[in-house]
file model27.cif (mmCIF, C-alpha atoms, pLDDT in the B column; chains and numbers go by the auth columns)
data_run
#
loop_
_atom_site.group_PDB
_atom_site.id
_atom_site.type_symbol
_atom_site.label_atom_id
_atom_site.label_comp_id
_atom_site.label_asym_id
_atom_site.label_seq_id
_atom_site.Cartn_x
_atom_site.Cartn_y
_atom_site.Cartn_z
_atom_site.B_iso_or_equiv
_atom_site.auth_seq_id
_atom_site.auth_asym_id
ATOM 1 C CA MET A 1 91.062 128.501 148.326 48.00 877 A
ATOM 2 C CA ASP A 2 93.281 129.767 151.121 57.00 878 A
ATOM 3 C CA ALA A 3 95.421 132.898 150.942 61.00 879 A
ATOM 4 C CA ASN A 4 98.504 130.860 150.067 70.00 880 A
ATOM 5 C CA GLY A 5 96.695 129.164 147.178 72.00 881 A
ATOM 6 C CA SER A 6 95.524 132.528 145.906 79.00 882 A
ATOM 7 C CA GLU A 7 99.047 133.894 146.176 85.00 883 A
ATOM 8 C CA GLN A 8 100.391 130.932 144.217 81.00 884 A
ATOM 9 C CA LYS A 9 97.788 131.458 141.500 81.00 885 A
ATOM 10 C CA ASP A 10 98.655 135.176 141.290 88.00 886 A
ATOM 11 C CA GLU A 11 102.327 134.261 140.886 89.00 887 A
ATOM 12 C CA LEU A 12 101.441 131.686 138.230 89.00 888 A
ATOM 13 C CA VAL A 13 99.339 134.263 136.367 90.00 889 A
ATOM 14 C CA ASN A 14 102.253 136.732 136.470 92.00 890 A
ATOM 15 C CA GLN A 15 104.628 134.095 135.112 94.00 891 A
ATOM 16 C CA ILE A 16 102.198 133.254 132.305 92.00 892 A
ATOM 17 C CA VAL A 17 101.848 136.961 131.433 93.00 893 A
ATOM 18 C CA ASP A 18 105.666 137.213 131.364 95.00 894 A
ATOM 19 C CA VAL A 19 105.789 134.375 128.821 95.00 895 A
ATOM 20 C CA ILE A 20 103.006 135.938 126.710 93.00 896 A
ATOM 21 C CA VAL A 21 104.888 139.253 126.693 95.00 897 A
ATOM 22 C CA SER A 22 108.273 137.752 125.812 96.00 898 A
ATOM 23 C CA GLU A 23 107.140 135.089 123.316 94.00 899 A
ATOM 24 C CA GLY A 24 104.404 137.216 121.749 92.00 900 A
ATOM 25 C CA MET A 25 106.740 140.219 121.639 93.00 901 A
ATOM 26 C CA ILE A 26 104.075 142.585 122.903 94.00 902 A
ATOM 27 C CA ASP A 27 104.096 145.390 125.466 93.00 903 A
ATOM 28 C CA ARG A 28 103.112 144.259 128.949 93.00 904 A
ATOM 29 C CA ASP A 29 100.796 147.295 129.127 93.00 905 A
ATOM 30 C CA LYS A 30 98.672 145.772 126.349 91.00 906 A
ATOM 31 C CA VAL A 31 98.162 142.491 128.203 92.00 907 A
ATOM 32 C CA LYS A 32 94.930 143.421 129.973 92.00 908 A
ATOM 33 C CA MET A 33 92.566 140.716 131.190 91.00 909 A
ATOM 34 C CA ASP A 34 89.738 141.970 128.956 93.00 910 A
ATOM 35 C CA ALA A 35 91.917 142.381 125.846 92.00 911 A
ATOM 36 C CA SER A 36 91.015 140.047 123.011 90.00 912 A
ATOM 37 C CA ILE A 37 93.670 137.733 121.605 85.00 913 A
ATOM 38 C CA GLU A 38 93.184 139.436 118.233 85.00 914 A
ATOM 39 C CA SER A 39 93.768 142.901 119.713 90.00 915 A
ATOM 40 C CA LEU A 40 97.202 141.742 120.877 91.00 916 A
ATOM 41 C CA GLY A 41 98.058 140.744 117.342 90.00 917 A
ATOM 42 C CA LEU A 42 98.848 137.170 118.371 86.00 918 A
ATOM 43 C CA LYS A 43 98.851 134.727 115.465 85.00 919 A
ATOM 44 C CA SER A 44 98.588 130.940 115.677 83.00 920 A
ATOM 45 C CA ILE A 45 102.363 130.594 115.586 89.00 921 A
ATOM 46 C CA ASP A 46 102.670 133.036 118.502 89.00 922 A
ATOM 47 C CA ILE A 47 100.258 130.933 120.553 84.00 923 A
ATOM 48 C CA VAL A 48 102.273 127.797 119.723 87.00 924 A
ATOM 49 C CA MET A 49 105.475 129.563 120.813 91.00 925 A
ATOM 50 C CA ILE A 50 103.799 130.707 124.038 90.00 926 A
ATOM 51 C CA LEU A 51 102.523 127.186 124.789 88.00 927 A
ATOM 52 C CA THR A 52 105.951 125.690 124.039 92.00 928 A
ATOM 53 C CA ALA A 53 107.653 128.208 126.339 95.00 929 A
ATOM 54 C CA LEU A 54 105.120 127.437 129.090 92.00 930 A
ATOM 55 C CA GLU A 55 105.785 123.709 128.690 92.00 931 A
ATOM 56 C CA GLU A 56 109.491 124.323 129.167 95.00 932 A
ATOM 57 C CA LYS A 57 109.052 126.776 132.037 94.00 933 A
ATOM 58 C CA PHE A 58 106.660 124.594 134.029 92.00 934 A
ATOM 59 C CA ASP A 59 107.857 121.175 132.831 93.00 935 A
ATOM 60 C CA VAL A 60 104.384 120.099 131.675 90.00 936 A
ATOM 61 C CA TYR A 61 102.971 118.814 128.414 88.00 937 A
ATOM 62 C CA ILE A 62 100.323 121.129 126.971 84.00 938 A
ATOM 63 C CA PRO A 63 98.197 119.519 124.245 81.00 939 A
ATOM 64 C CA MET A 64 97.677 121.741 121.227 74.00 940 A
ATOM 65 C CA ASP A 65 93.979 120.859 121.224 77.00 941 A
ATOM 66 C CA GLY A 66 93.561 121.917 124.852 72.00 942 A
ATOM 67 C CA PRO A 67 91.084 124.461 126.233 71.00 943 A
ATOM 68 C CA PHE A 68 93.371 127.319 125.161 74.00 944 A
ATOM 69 C CA HIS A 69 92.071 127.403 121.607 74.00 945 A
ATOM 70 C CA GLU A 70 88.589 128.434 122.715 79.00 946 A
ATOM 71 C CA ALA A 71 90.028 131.434 124.562 83.00 947 A
ATOM 72 C CA LYS A 72 88.920 134.720 123.039 85.00 948 A
ATOM 73 C CA ASP A 73 90.452 137.073 125.589 88.00 949 A
ATOM 74 C CA VAL A 74 93.537 137.262 127.773 89.00 950 A
ATOM 75 C CA LYS A 75 91.669 136.333 130.956 91.00 951 A
ATOM 76 C CA SER A 76 90.221 133.110 129.534 91.00 952 A
ATOM 77 C CA LEU A 77 93.588 132.206 127.986 87.00 953 A
ATOM 78 C CA ILE A 78 95.472 132.780 131.249 88.00 954 A
ATOM 79 C CA ASP A 79 92.788 131.046 133.347 88.00 955 A
ATOM 80 C CA ALA A 80 92.865 127.994 131.082 87.00 956 A
ATOM 81 C CA MET A 81 96.667 127.847 131.191 86.00 957 A
ATOM 82 C CA ALA A 82 96.900 128.445 134.948 87.00 958 A
ATOM 83 C CA ASN A 83 94.258 125.813 135.709 86.00 959 A
ATOM 84 C CA TYR A 84 95.906 123.297 133.402 87.00 960 A
ATOM 85 C CA ILE A 85 99.412 123.895 134.809 86.00 961 A
ATOM 86 C CA SER A 86 98.139 123.750 138.406 85.00 962 A
ATOM 87 C CA LYS A 87 96.302 120.492 137.696 87.00 963 A
ATOM 88 C CA GLU A 88 99.363 118.952 136.031 85.00 964 A
ATOM 89 C CA LYS A 89 101.648 120.011 138.877 79.00 965 A
ATOM 90 C CA THR A 90 99.413 118.422 141.513 81.00 966 A
ATOM 91 C CA ALA A 91 98.725 115.242 139.519 73.00 967 A
#
call {"tool": "encode", "arguments": {"input": "model27.cif", "output": "structure tokens"}}
result
Amino acid sequence: MDANGSEQKDELVNQIVDVIVSEGMIDRDKVKMDASIESLGLKSIDIVMILTALEEKFDVYIPMDGPFHEAKDVKSLIDAMANYISKEKTA
């Protein structure tokens, strides 16, 4: 991946974190890559709200049975979302 691609992914990750913070109503300081989903206090409904907000923000359809449900920590959740959104945007 070139520097521009890496920059775009960093920006995408930041936008995803923004949505997690606003929709999950949690402090940005708590959204660490190694934090577990449970430690953030996110419930199923919070995840649904986050996915819905991401769909609207990025104009993509995110299936509820996607790879996001296996995510146990923030990094895997963000990676799964970023990869999915990137793939959808280039499709």
call {"tool": "residues_around", "arguments": {"input": "model27.cif", "residues": "Val893 of chain A", "least_positions_apart": "6", "cutoff": "8 Å", "atoms": "all atoms listed in the file", "output": "tab-separated table (two decimals) with C-alpha atoms, keeping the file's coordinate frame"}}
result
chain	number	residue	atom	x	y	z
A	904	ARG	CA	103.11	144.26	128.95
A	907	VAL	CA	98.16	142.49	128.20
A	954	ILE	CA	95.47	132.78	131.25
call {"tool": "closest_residue", "arguments": {"input": "model27.cif", "among": "A:Ser882, A:Tyr937, A:Gly917, A:Glu932", "to": "Lys963 of chain A", "atoms": "only C-alpha atoms"}}
result
A:Tyr937
call {"tool": "resolve_selection", "arguments": {"input": "model27.cif", "expression": "the PyMOL selection byres ((chain A and resi 955) around 10)", "output": "tab-separated table (two decimals) with C-alpha atoms, in the frame of the given file"}}
result
chain	number	residue	atom	x	y	z
A	885	LYS	CA	97.79	131.46	141.50
A	888	LEU	CA	101.44	131.69	138.23
A	889	VAL	CA	99.34	134.26	136.37
A	892	ILE	CA	102.20	133.25	132.30
A	909	MET	CA	92.57	140.72	131.19
A	943	PRO	CA	91.08	124.46	126.23
A	944	PHE	CA	93.37	127.32	125.16
A	947	ALA	CA	90.03	131.43	124.56
A	950	VAL	CA	93.54	137.26	127.77
A	951	LYS	CA	91.67	136.33	130.96
A	952	SER	CA	90.22	133.11	129.53
A	953	LEU	CA	93.59	132.21	127.99
A	954	ILE	CA	95.47	132.78	131.25
A	956	ALA	CA	92.86	127.99	131.08
A	957	MET	CA	96.67	127.85	131.19
A	958	ALA	CA	96.90	128.44	134.95
A	959	ASN	CA	94.26	125.81	135.71
A	960	TYR	CA	95.91	123.30	133.40
A	961	ILE	CA	99.41	123.90	134.81
call {"tool": "atom_distance", "arguments": {"input": "model27.cif", "atom1": "atom CA of Asp905 of chain A", "atom2": "atom CA of Lys948 of chain A"}}
result
18.3 Å
call {"tool": "closest_residue", "arguments": {"input": "model27.cif", "among": "A:Glu914, A:Val895, A:His945, A:Met901", "to": "Ala929 of chain A", "atoms": "all atoms listed in the file"}}
result
A:Val895
call {"tool": "closest_residue", "arguments": {"input": "model27.cif", "among": "A:Ala967, A:Ile923, A:Val897, A:Ile902", "to": "Val936 of chain A", "atoms": "only C-alpha atoms"}}
result
A:Ala967
call {"tool": "atom_distance", "arguments": {"input": "model27.cif", "atom1": "atom CA of Glu899 of chain A", "atom2": "atom CA of Lys919 of chain A"}}
result
11.4 Å
